[in-house]
Amino acid sequence: MVRRSDLYLPSNNTHMIQKATTLGADVISLDLEDSVAPAEKVGARKILVENIPLAGSTGSRVWTRINAWDSDLTLGDLDAVVTEGIDGILLPKCNGLADVRRIDDEITKREKAKGLPVGKIKLALLIETAIGVMKVNESAGGSGRLEALIFGAVDYLRDMHTVRTASAMEQYHARAAIGVAARTYGLVAEDAPYGNFKDADGFKLDCERSAMLGFEGKMLIHPSQVAVANAVYAPAPDRVEWAKAITKCFEEEGLAKGKASVAYQGNMIDIPVYNDGRNILARQAEIDAAEAKKAH
């Protein structure tokens, strides 16, 4: 699933949502949590539902971040957002398997009550505490709805009694753990937002660092970040051309002739290299399909 750019917007700000539909984000997440003032949260639910068609009008998938279990708002949020047109729900502060099973059960109850196909609404988990990182493996296997694991750096670093630095070393363990868990269960690993939206170079570097750990997308807090995320979390054009060339060579000169390896421009191409090329092409095809939906 393509989630290179996941743009978070206040669910009760129709003007911002309208502008976001022109940006080409893979996902538009209508937020009920951090970007909505406490006094506005209940009223924002109705506006969110009204804004679902608008948010998805240019091909972006429409998700929502609800409030965490400790807020006493979660069930009311679910009553509203389990509805036609929503593609998925993000649960903040997931701390283990019990949280995953509970949210899955509550979504299922509401799908059945509203006559919606059970399991159609997908689920993502925001991993943003020390215990959440510690238990990410069990959480990742906790529901057939799961599509993504998302790293929440700010709350994680607060929980770890540390601060964010330019090197990002303090995030390395959490990112690595989430990346491995996501790949193990066939999920997308999505990185935490980068707060300084005026620091374009820093944002790009942050994306590149998480991509090296297997992340395939990023939470975004500003429209200017969409294009950069879409580029960084896609295969580089030269890698795509390389993949096309080596897969063609191996299929014609290797597989077709019963050989396990072939030479290509001074390098040996064998099954692992061939499979790497195929993975790159499959990823690009998935992105191309997502882009085609936006174009219509």
# chains A, B, ... in the order shown; residues from 1 in each chain; ligands from 1
call {"tool": "select_by_dssp", "arguments": {"residues": "stretch 57-218 of chain A", "states": "strand (DSSP E)", "output": "VMD selection string"}}
result
chain A and resid 61 to 65 88 to 91 122 to 127 146 to 151 188 to 191 217 to 218
call {"tool": "write_last_selection", "arguments": {"atoms": "C-alpha atoms", "output": "PDB file, in the first residue's frame"}}
result
ATOM      1  CA  ARG A  61      -7.043   7.922   0.441  1.00  0.00           C
ATOM      2  CA  VAL A  62      -8.917   9.308   3.454  1.00  0.00           C
ATOM      3  CA  TRP A  63      -7.926   8.273   6.965  1.00  0.00           C
ATOM      4  CA  THR A  64      -8.574   9.670  10.410  1.00  0.00           C
ATOM      5  CA  ARG A  65      -6.607   9.776  13.642  1.00  0.00           C
ATOM      6  CA  GLY A  88      -8.744   3.716   7.644  1.00  0.00           C
ATOM      7  CA  ILE A  89      -8.352   4.668  11.284  1.00  0.00           C
ATOM      8  CA  LEU A  90      -5.165   5.459  13.202  1.00  0.00           C
ATOM      9  CA  LEU A  91      -5.037   4.557  16.889  1.00  0.00           C
ATOM     10  CA  LYS A 122      -8.125  -0.513   7.661  1.00  0.00           C
ATOM     11  CA  LEU A 123      -6.118   0.191  10.790  1.00  0.00           C
ATOM     12  CA  ALA A 124      -2.785   1.820  11.604  1.00  0.00           C
ATOM     13  CA  LEU A 125      -1.030   1.988  14.966  1.00  0.00           C
ATOM     14  CA  LEU A 126       0.876   4.979  16.281  1.00  0.00           C
ATOM     15  CA  ILE A 127       3.859   3.614  18.219  1.00  0.00           C
ATOM     16  CA  LEU A 146      -3.568  -3.597   9.941  1.00  0.00           C
ATOM     17  CA  GLU A 147      -1.935  -1.657   7.138  1.00  0.00           C
ATOM     18  CA  ALA A 148       0.730   0.456   8.830  1.00  0.00           C
ATOM     19  CA  LEU A 149       2.873   1.052  11.890  1.00  0.00           C
ATOM     20  CA  ILE A 150       3.609   4.728  12.459  1.00  0.00           C
ATOM     21  CA  PHE A 151       6.369   6.123  14.643  1.00  0.00           C
ATOM     22  CA  VAL A 188       3.983  -0.193   5.855  1.00  0.00           C
ATOM     23  CA  ALA A 189       6.388   1.527   8.236  1.00  0.00           C
ATOM     24  CA  GLU A 190       5.613   5.243   8.334  1.00  0.00           C
ATOM     25  CA  ASP A 191       7.890   7.750  10.018  1.00  0.00           C
ATOM     26  CA  GLY A 217       6.386   7.061   4.088  1.00  0.00           C
ATOM     27  CA  LYS A 218       6.034   9.884   6.571  1.00  0.00           C
TER      28      LYS A 218
END
call {"tool": "residues_around", "arguments": {"residues": "A:Leu255", "least_positions_apart": "5", "cutoff": "12 Å", "atoms": "only C-alpha atoms", "output": "list in words"}}
result
Thr247, Lys248, Cys249, Phe250, Ala260, Ser261, Val262, Ile269, Asp270, Ile271 and Tyr274 of chain A
call {"tool": "residues_around", "arguments": {"residues": "A:Tyr156", "least_positions_apart": "4", "cutoff": "7 Å", "atoms": "only C-alpha atoms", "output": "PDB file with N, CA and C atoms, in the first residue's frame"}}
result
ATOM      1  N   GLU A 128       4.363   5.218  19.979  1.00  0.00           N
ATOM      2  CA  GLU A 128       4.946   6.464  20.464  1.00  0.00           C
ATOM      3  C   GLU A 128       5.273   6.445  21.955  1.00  0.00           C
ATOM      4  N   THR A 129       5.438   5.241  22.509  1.00  0.00           N
ATOM      5  CA  THR A 129       5.864   5.106  23.894  1.00  0.00           C
ATOM      6  C   THR A 129       6.933   4.025  23.971  1.00  0.00           C
ATOM      7  N   ALA A 130       7.652   4.002  25.092  1.00  0.00           N
ATOM      8  CA  ALA A 130       8.670   2.964  25.274  1.00  0.00           C
ATOM      9  C   ALA A 130       8.040   1.580  25.256  1.00  0.00           C
ATOM     10  N   GLY A 152       5.788   7.680  16.401  1.00  0.00           N
ATOM     11  CA  GLY A 152       5.507   8.990  16.984  1.00  0.00           C
ATOM     12  C   GLY A 152       6.689   9.444  17.818  1.00  0.00           C
ATOM     13  N   MET A 160      11.066   8.624  26.908  1.00  0.00           N
ATOM     14  CA  MET A 160      12.430   8.158  27.130  1.00  0.00           C
ATOM     15  C   MET A 160      13.299   9.174  27.879  1.00  0.00           C
TER      16      MET A 160
END
call {"tool": "closest_residue", "arguments": {"among": "A:Ala68, A:Leu116, A:Ala140, A:Val82", "to": "A:Val100", "atoms": "only C-alpha atoms"}}
result
A:Ala140
call {"tool": "atom_distance", "arguments": {"atom1": "atom CA of A:Gly96", "atom2": "atom CA of A:Ala44"}}
result
28.0 Å
call {"tool": "residues_around", "arguments": {"residues": "A:Gly24", "least_positions_apart": "3", "cutoff": "8 Å", "atoms": "only C-alpha atoms", "output": "ChimeraX atom specification"}}
result
/A:20-21,58,60,226-227,294
call {"tool": "write_last_selection", "arguments": {"atoms": "N, CA, C and O atoms", "output": "CSV table (one decimal), in the first residue's frame"}}
result
chain,number,residue,atom,x,y,z
A,20,ALA,N,-5.6,21.0,0.5
A,20,ALA,CA,-4.8,19.8,0.5
A,20,ALA,C,-5.1,18.9,-0.7
A,20,ALA,O,-4.3,18.1,-1.1
A,21,THR,N,-6.3,19.0,-1.2
A,21,THR,CA,-6.7,18.1,-2.3
A,21,THR,C,-5.9,18.4,-3.6
A,21,THR,O,-6.0,17.6,-4.5
A,58,THR,N,-9.8,14.0,-5.0
A,58,THR,CA,-8.8,14.0,-6.1
A,58,THR,C,-7.9,12.7,-6.0
A,58,THR,O,-6.8,12.7,-6.5
A,60,SER,N,-6.7,11.0,-3.2
A,60,SER,CA,-6.0,10.6,-2.0
A,60,SER,C,-6.9,9.7,-1.2
A,60,SER,O,-8.1,9.8,-1.2
A,226,VAL,N,4.8,17.5,1.0
A,226,VAL,CA,4.3,16.4,0.2
A,226,VAL,C,5.2,16.0,-0.9
A,226,VAL,O,5.5,14.8,-1.1
A,227,ALA,N,5.6,16.9,-1.7
A,227,ALA,CA,6.4,16.5,-2.9
A,227,ALA,C,7.7,15.9,-2.6
A,227,ALA,O,8.1,14.9,-3.2
A,294,LYS,N,-5.1,9.3,-8.7
A,294,LYS,CA,-5.2,10.8,-8.4
A,294,LYS,C,-5.4,11.5,-9.7
A,294,LYS,O,-6.1,12.6,-9.7
call {"tool": "closest_residue", "arguments": {"among": "A:Arg4, A:Ala55, A:Glu138, A:Asp87", "to": "A:Thr22", "atoms": "only C-alpha atoms"}}
result
A:Ala55
call {"tool": "atom_distance", "arguments": {"atom1": "atom CA of A:Pro38", "atom2": "atom CA of A:Met219"}}
result
21.7 Å
call {"tool": "closest_residue", "arguments": {"among": "A:Leu205, A:Ser210, A:Ile103, A:Asn137", "to": "A:Ala182", "atoms": "only C-alpha atoms"}}
result
A:Asn137
